[in-house]
Amino acid sequence: MILETIEVGGCRSYIIGCPETHVAAVIDPEISAIERYRGLASRHGLALRYAIDTHTHADHFSAAREISRALNAQVVMSHLSVAPYVDLRLDDGDLLLIGNLRLQAIATPGHTADSTTLLVAGHAFTGDTLLIGGTGRTDLPTGDPEQLYDSLFGRLLKLDPATEIHPAHEYKGRTGSTIGEEIASNPRLQKTDRAEFVAMMRSLDIKAPTHLTEALRVNMSGKKSVAQLLAEASGATPFMAMTELSNRIAARQNNLVILDVREKDAFDLGHLPGAMHLPRGQLELRINEAFPDPTVRIVTICELGKISTLAAATLRSLGFMHAAALDGGMKSWREAGLAIET
Ligand SMILES: [Fe+2]
C-alpha cells in the first residue's frame, strides 16, 4: 500500500493508494492542502477516487467536497454524518474497495456520533477516536464519553496489537504507534473502568477549537467559509497598487472612480481625494443610479481591503468589467502617508 501523511498545523491527513491499480483515497483532507494532495497523488501516479472524512470535523475545514468536484472523486462518510454532499455512506463493517485494497469501516462513536475508524492492510485510520498518547475529546456536539469508552475498549483495542494507528491529529510530531503501544502507554487508556474513564473525560477542561462553529457549519452543509468567500472574490477581481492609484490621483487622471464602500462616519473622517461614497451595504440597490455607464473604471476601497474586494467582485458580477479593488485599504493608505482629504 502506498501511504503518505500530510500535516497541516496539528491536523493529519493521509493518502492511501493501491500500487497495482493506482486508485487512491485521501483521508480527512484539509482545505488548505488540496494542491499538496494533487501533487503527491501525481508523484505516485495515483488517481484520487475517494475523499473520506472519518467524522464531522469541528476544528478544520474539510476539503472532501472540493476534491470531489475537482477530481470527480466520491465523498465517503458514515451513514450518521449529516453533510448533504456525501456520495457514499458507510455502515459499520462495510468494505470500500480502493483498487485491490479493502478498507473496512468500523463505527467508533464517542468523539462524534459519526466517528468511523478505517482499517486497511494492518493500518487503522482512527480519526479523533484514538490519538497517539490520547483520545479525542467528547465535549463537542454529538460527543459522548460512554460511547467513546465502548468504541475504544470494545472495538479498537481488540484489534491486532500490531495494527499501526494513524490519527487525524498529532501535535507533537510523533509517528509510528500501534494499538499495542497505546494499550501499554496511552495515559487515557489506563482508565480501564468505564465509570472512571467517563469521569475523566467529563472532567477535562479543554478550550474550544478556533473556528468551531464555522467549521461545523461548513462541514455539515458543504457551503463556504468566510476565508473561501474572500478567496473567491479576490480571484474574481483585479487589484490596483496603492502607488499606482496615488500617482493617478496626483496626475489628476479623472478617467476612474475611486469608490469608498465604508460607512458614512468613517468616510467623513478622511478619504482619498475625490473619492465617491457608496457603502457596501447599499451597493447593489443603488448601483444603477450611481453608475449608468457600465464601462466606467472603478477602484473600490475600504478600511482593510477585504470588503472592497467583495465589492469589486460584486461589481464585476454585475457587469462592470473595469472594476478593481485597491491592493490594501485606508489603514495602509494612511500608514503610507498618502494623500487624504476630509
Ligand atoms: Fe474531530
# chains A, B, ... in the order shown; residues from 1 in each chain; ligands from 1
>>> closest_atom_pairs(of="chain A", to="ligand 1", cutoff="8 Å", atoms="only C-alpha atoms and all ligand atoms", output="CSV")
residue,atom,partner,partner_atom_place_in_ligand_line,distance
A:His55,CA,ligand 1,1 (Fe),6.7
A:Thr56,CA,ligand 1,1 (Fe),6.8
A:His57,CA,ligand 1,1 (Fe),4.6
A:Ala58,CA,ligand 1,1 (Fe),5.7
A:Asp59,CA,ligand 1,1 (Fe),6.5
A:His111,CA,ligand 1,1 (Fe),6.8
A:Thr112,CA,ligand 1,1 (Fe),7.4
A:Gly127,CA,ligand 1,1 (Fe),7.0
A:Asp128,CA,ligand 1,1 (Fe),5.1
A:Gly136,CA,ligand 1,1 (Fe),6.9
A:Arg137,CA,ligand 1,1 (Fe),7.9
A:Ala168,CA,ligand 1,1 (Fe),7.4
>>> residues_around(residues="range 32-37 of chain A", least_positions_apart="2", cutoff="8 Å", atoms="only C-alpha atoms", output="list in words")
Val8, Ile15, Val26, Pro29, Glu30, Gly39, Leu40, Ala41, Ala63 and Ile67 of chain A
>>> write_last_selection(atoms="C-alpha atoms", output="mmCIF file, in the first residue's frame")
data_model
loop_
_atom_site.group_PDB
_atom_site.id
_atom_site.type_symbol
_atom_site.label_atom_id
_atom_site.label_comp_id
_atom_site.auth_asym_id
_atom_site.auth_seq_id
_atom_site.Cartn_x
_atom_site.Cartn_y
_atom_site.Cartn_z
ATOM 1 C CA VAL A 8 -1.343 20.927 8.396
ATOM 2 C CA ILE A 15 -3.315 9.415 1.026
ATOM 3 C CA VAL A 26 -7.478 10.791 0.722
ATOM 4 C CA PRO A 29 -8.449 16.147 3.648
ATOM 5 C CA GLU A 30 -7.960 19.730 4.803
ATOM 6 C CA GLY A 39 0.923 16.864 -6.191
ATOM 7 C CA LEU A 40 1.511 13.766 -4.051
ATOM 8 C CA ALA A 41 -1.047 11.743 -5.974
ATOM 9 C CA ALA A 63 -11.714 19.544 1.523
ATOM 10 C CA ILE A 67 -11.742 17.300 -4.111
#
>>> closest_atom_pairs(of="range 220-320 of chain A", to="range 194-215 of chain A", cutoff="9 Å", atoms="only C-alpha atoms", output="Markdown table")
| residue | atom | partner | partner_atom | distance |
| --- | --- | --- | --- | --- |
| A:Met220 | CA | A:Ala215 | CA | 8.2 |
| A:Ser225 | CA | A:Glu214 | CA | 6.8 |
| A:Val226 | CA | A:Glu214 | CA | 8.5 |
>>> closest_residue(among="A:His22, A:Phe125, A:Gln147, A:Pro84", to="Ile52 in chain A", atoms="only C-alpha atoms")
A:Phe125
>>> residues_around(residues="range 309-325 of chain A", least_positions_apart="5", cutoff="12 Å", atoms="only C-alpha atoms", output="PyMOL selection string")
chain A and resi 226-242+245+255-262+278-288+290-304
>>> write_last_selection(atoms="N, CA and C atoms", output="compact mmCIF listing (two decimals), in the first residue's frame")
# COMPACT_ATOMS: atom_id res chain seq x y z
N VAL A 226 -15.81 31.89 5.47
CA VAL A 226 -15.59 33.30 5.13
C VAL A 226 -14.30 33.44 4.32
N ALA A 227 -13.27 32.68 4.73
CA ALA A 227 -11.99 32.75 4.01
C ALA A 227 -12.15 32.30 2.55
N GLN A 228 -12.97 31.27 2.33
CA GLN A 228 -13.21 30.82 0.95
C GLN A 228 -13.94 31.88 0.14
N LEU A 229 -14.94 32.51 0.79
CA LEU A 229 -15.71 33.56 0.11
C LEU A 229 -14.77 34.68 -0.33
N LEU A 230 -13.86 35.08 0.58
CA LEU A 230 -12.92 36.15 0.26
C LEU A 230 -11.93 35.71 -0.82
N ALA A 231 -11.48 34.46 -0.73
CA ALA A 231 -10.52 33.96 -1.73
C ALA A 231 -11.18 33.93 -3.11
N GLU A 232 -12.43 33.52 -3.16
CA GLU A 232 -13.13 33.51 -4.46
C GLU A 232 -13.30 34.92 -5.00
N ALA A 233 -13.61 35.87 -4.09
CA ALA A 233 -13.77 37.27 -4.53
C ALA A 233 -12.46 37.81 -5.05
N SER A 234 -11.34 37.50 -4.36
CA SER A 234 -10.07 38.07 -4.84
C SER A 234 -9.60 37.37 -6.11
N GLY A 235 -10.09 36.15 -6.35
CA GLY A 235 -9.77 35.50 -7.62
C GLY A 235 -10.63 36.04 -8.77
N ALA A 236 -11.69 36.76 -8.43
CA ALA A 236 -12.63 37.22 -9.45
C ALA A 236 -12.46 38.69 -9.78
N THR A 237 -11.45 39.32 -9.20
CA THR A 237 -11.26 40.75 -9.47
C THR A 237 -9.78 41.09 -9.55
N PRO A 238 -9.40 42.03 -10.42
CA PRO A 238 -8.01 42.52 -10.38
C PRO A 238 -7.86 43.57 -9.27
N PHE A 239 -6.63 43.92 -8.98
CA PHE A 239 -6.34 44.90 -7.93
C PHE A 239 -5.52 46.05 -8.51
N MET A 240 -5.52 47.17 -7.81
CA MET A 240 -4.65 48.27 -8.19
C MET A 240 -3.74 48.59 -7.01
N ALA A 241 -2.45 48.75 -7.31
CA ALA A 241 -1.48 49.05 -6.24
C ALA A 241 -1.72 50.46 -5.71
N MET A 242 -1.39 50.67 -4.43
CA MET A 242 -1.60 51.99 -3.82
C MET A 242 -0.78 53.06 -4.53
N LEU A 245 -2.45 54.07 -7.81
CA LEU A 245 -3.62 54.93 -7.62
C LEU A 245 -3.18 56.33 -7.15
N ASN A 255 -10.20 59.59 -15.27
CA ASN A 255 -10.91 58.54 -16.01
C ASN A 255 -11.24 57.34 -15.11
N LEU A 256 -11.11 57.52 -13.81
CA LEU A 256 -11.55 56.43 -12.94
C LEU A 256 -12.28 56.97 -11.73
N VAL A 257 -13.15 56.13 -11.19
CA VAL A 257 -13.91 56.50 -10.00
C VAL A 257 -13.31 55.76 -8.81
N ILE A 258 -12.93 56.50 -7.78
CA ILE A 258 -12.49 55.87 -6.53
C ILE A 258 -13.75 55.70 -5.68
N LEU A 259 -14.12 54.47 -5.44
CA LEU A 259 -15.38 54.20 -4.74
C LEU A 259 -15.11 53.71 -3.31
N ASP A 260 -15.42 54.57 -2.36
CA ASP A 260 -15.21 54.22 -0.96
C ASP A 260 -16.47 53.54 -0.44
N VAL A 261 -16.34 52.27 0.02
CA VAL A 261 -17.53 51.49 0.39
C VAL A 261 -17.68 51.36 1.91
N ARG A 262 -16.95 52.20 2.67
CA ARG A 262 -17.10 52.15 4.13
C ARG A 262 -18.39 52.85 4.57
N LEU A 278 -20.24 55.19 -1.40
CA LEU A 278 -21.42 54.33 -1.53
C LEU A 278 -21.16 53.10 -0.65
N PRO A 279 -21.82 53.02 0.52
CA PRO A 279 -21.49 51.92 1.44
C PRO A 279 -21.79 50.55 0.82
N ARG A 280 -20.96 49.58 1.20
CA ARG A 280 -21.10 48.22 0.67
C ARG A 280 -22.52 47.69 0.83
N GLY A 281 -23.14 48.02 1.99
CA GLY A 281 -24.48 47.51 2.26
C GLY A 281 -25.54 48.02 1.30
N GLN A 282 -25.26 49.13 0.61
CA GLN A 282 -26.26 49.69 -0.31
C GLN A 282 -25.85 49.54 -1.76
N LEU A 283 -24.71 48.89 -1.97
CA LEU A 283 -24.10 48.86 -3.31
C LEU A 283 -25.06 48.37 -4.39
N GLU A 284 -25.61 47.19 -4.21
CA GLU A 284 -26.44 46.60 -5.27
C GLU A 284 -27.68 47.45 -5.55
N LEU A 285 -28.30 47.96 -4.48
CA LEU A 285 -29.57 48.66 -4.68
C LEU A 285 -29.40 50.05 -5.28
N ARG A 286 -28.21 50.64 -5.11
CA ARG A 286 -28.01 52.00 -5.65
C ARG A 286 -27.10 52.03 -6.87
N ILE A 287 -26.75 50.83 -7.36
CA ILE A 287 -25.73 50.76 -8.40
C ILE A 287 -26.19 51.39 -9.71
N ASN A 288 -27.45 51.21 -10.07
CA ASN A 288 -27.92 51.68 -11.38
C ASN A 288 -27.89 53.20 -11.47
N ALA A 290 -26.03 55.13 -9.51
CA ALA A 290 -24.66 55.60 -9.27
C ALA A 290 -23.79 55.46 -10.52
N PHE A 291 -23.96 54.37 -11.24
CA PHE A 291 -23.09 54.12 -12.40
C PHE A 291 -23.90 53.74 -13.64
N PRO A 292 -24.45 54.74 -14.32
CA PRO A 292 -25.21 54.42 -15.53
C PRO A 292 -24.33 53.86 -16.64
N ASP A 293 -23.02 54.20 -16.60
CA ASP A 293 -22.11 53.75 -17.66
C ASP A 293 -21.38 52.48 -17.23
N PRO A 294 -21.68 51.35 -17.87
CA PRO A 294 -21.06 50.08 -17.45
C PRO A 294 -19.58 49.98 -17.80
N THR A 295 -19.07 50.91 -18.60
CA THR A 295 -17.65 50.82 -18.98
C THR A 295 -16.77 51.66 -18.05
N VAL A 296 -17.38 52.24 -17.02
CA VAL A 296 -16.60 53.10 -16.12
C VAL A 296 -15.54 52.30 -15.38
N ARG A 297 -14.39 52.93 -15.17
CA ARG A 297 -13.29 52.30 -14.43
C ARG A 297 -13.50 52.63 -12.96
N ILE A 298 -13.70 51.61 -12.12
CA ILE A 298 -13.97 51.82 -10.70
C ILE A 298 -12.89 51.14 -9.88
N VAL A 299 -12.35 51.84 -8.88
CA VAL A 299 -11.44 51.21 -7.92
C VAL A 299 -12.08 51.31 -6.55
N THR A 300 -12.35 50.18 -5.93
CA THR A 300 -13.03 50.18 -4.63
C THR A 300 -12.01 50.24 -3.50
N ILE A 301 -12.44 50.85 -2.40
CA ILE A 301 -11.57 50.96 -1.23
C ILE A 301 -12.41 50.84 0.04
N CYS A 302 -11.85 50.18 1.05
CA CYS A 302 -12.50 50.10 2.37
C CYS A 302 -11.40 50.27 3.41
N GLU A 303 -11.65 49.87 4.64
CA GLU A 303 -10.65 50.10 5.68
C GLU A 303 -9.46 49.13 5.56
N LEU A 304 -9.76 47.82 5.35
CA LEU A 304 -8.69 46.82 5.40
C LEU A 304 -8.46 46.09 4.07
>>> atom_distance(atom1="CA of Met77 in chain A", atom2="CA of Leu216 in chain A")
14.9 Å
>>> residues_around(residues="Ser221 in chain A", least_positions_apart="4", cutoff="8 Å", atoms="only C-alpha atoms", output="PDB file with C-alpha atoms, in the first residue's frame")
ATOM      1  CA  ALA A  83     -23.462  16.543   5.447  1.00  0.00           C
ATOM      2  CA  PRO A  84     -25.756  16.520   2.400  1.00  0.00           C
ATOM      3  CA  TYR A  85     -22.932  16.198  -0.148  1.00  0.00           C
ATOM      4  CA  ARG A 217     -21.378  24.920   9.695  1.00  0.00           C
TER       5      ARG A 217
END
>>> select_by_dssp(residues="range 56-186 of chain A", states="alpha helix (DSSP H)", output="VMD selection string")
chain A and resid 64 to 71 145 to 149 179 to 185
>>> atom_distance(atom1="CA of His60 in chain A", atom2="CA of Ile31 in chain A")
8.0 Å
>>> atom_distance(atom1="CA of Glu20 in chain A", atom2="CA of Ile179 in chain A")
27.9 Å
>>> select_by_dssp(residues="range 30-274 of chain A", states="strand (DSSP E)", output="PyMOL selection string")
chain A and resi 47-52+74-78+88-90+95-98+101-107+116-120+123-127+130-131+134-135+164-167+177-178+239-240+256-260
>>> closest_residue(among="A:Lys158, A:Arg188, A:Leu148, A:Asn219", to="Asp28 in chain A", atoms="only C-alpha atoms")
A:Asn219
>>> closest_residue(among="A:Asp91, A:Asp114, A:Asp53, A:Asp139", to="Val76 in chain A", atoms="only C-alpha atoms")
A:Asp53
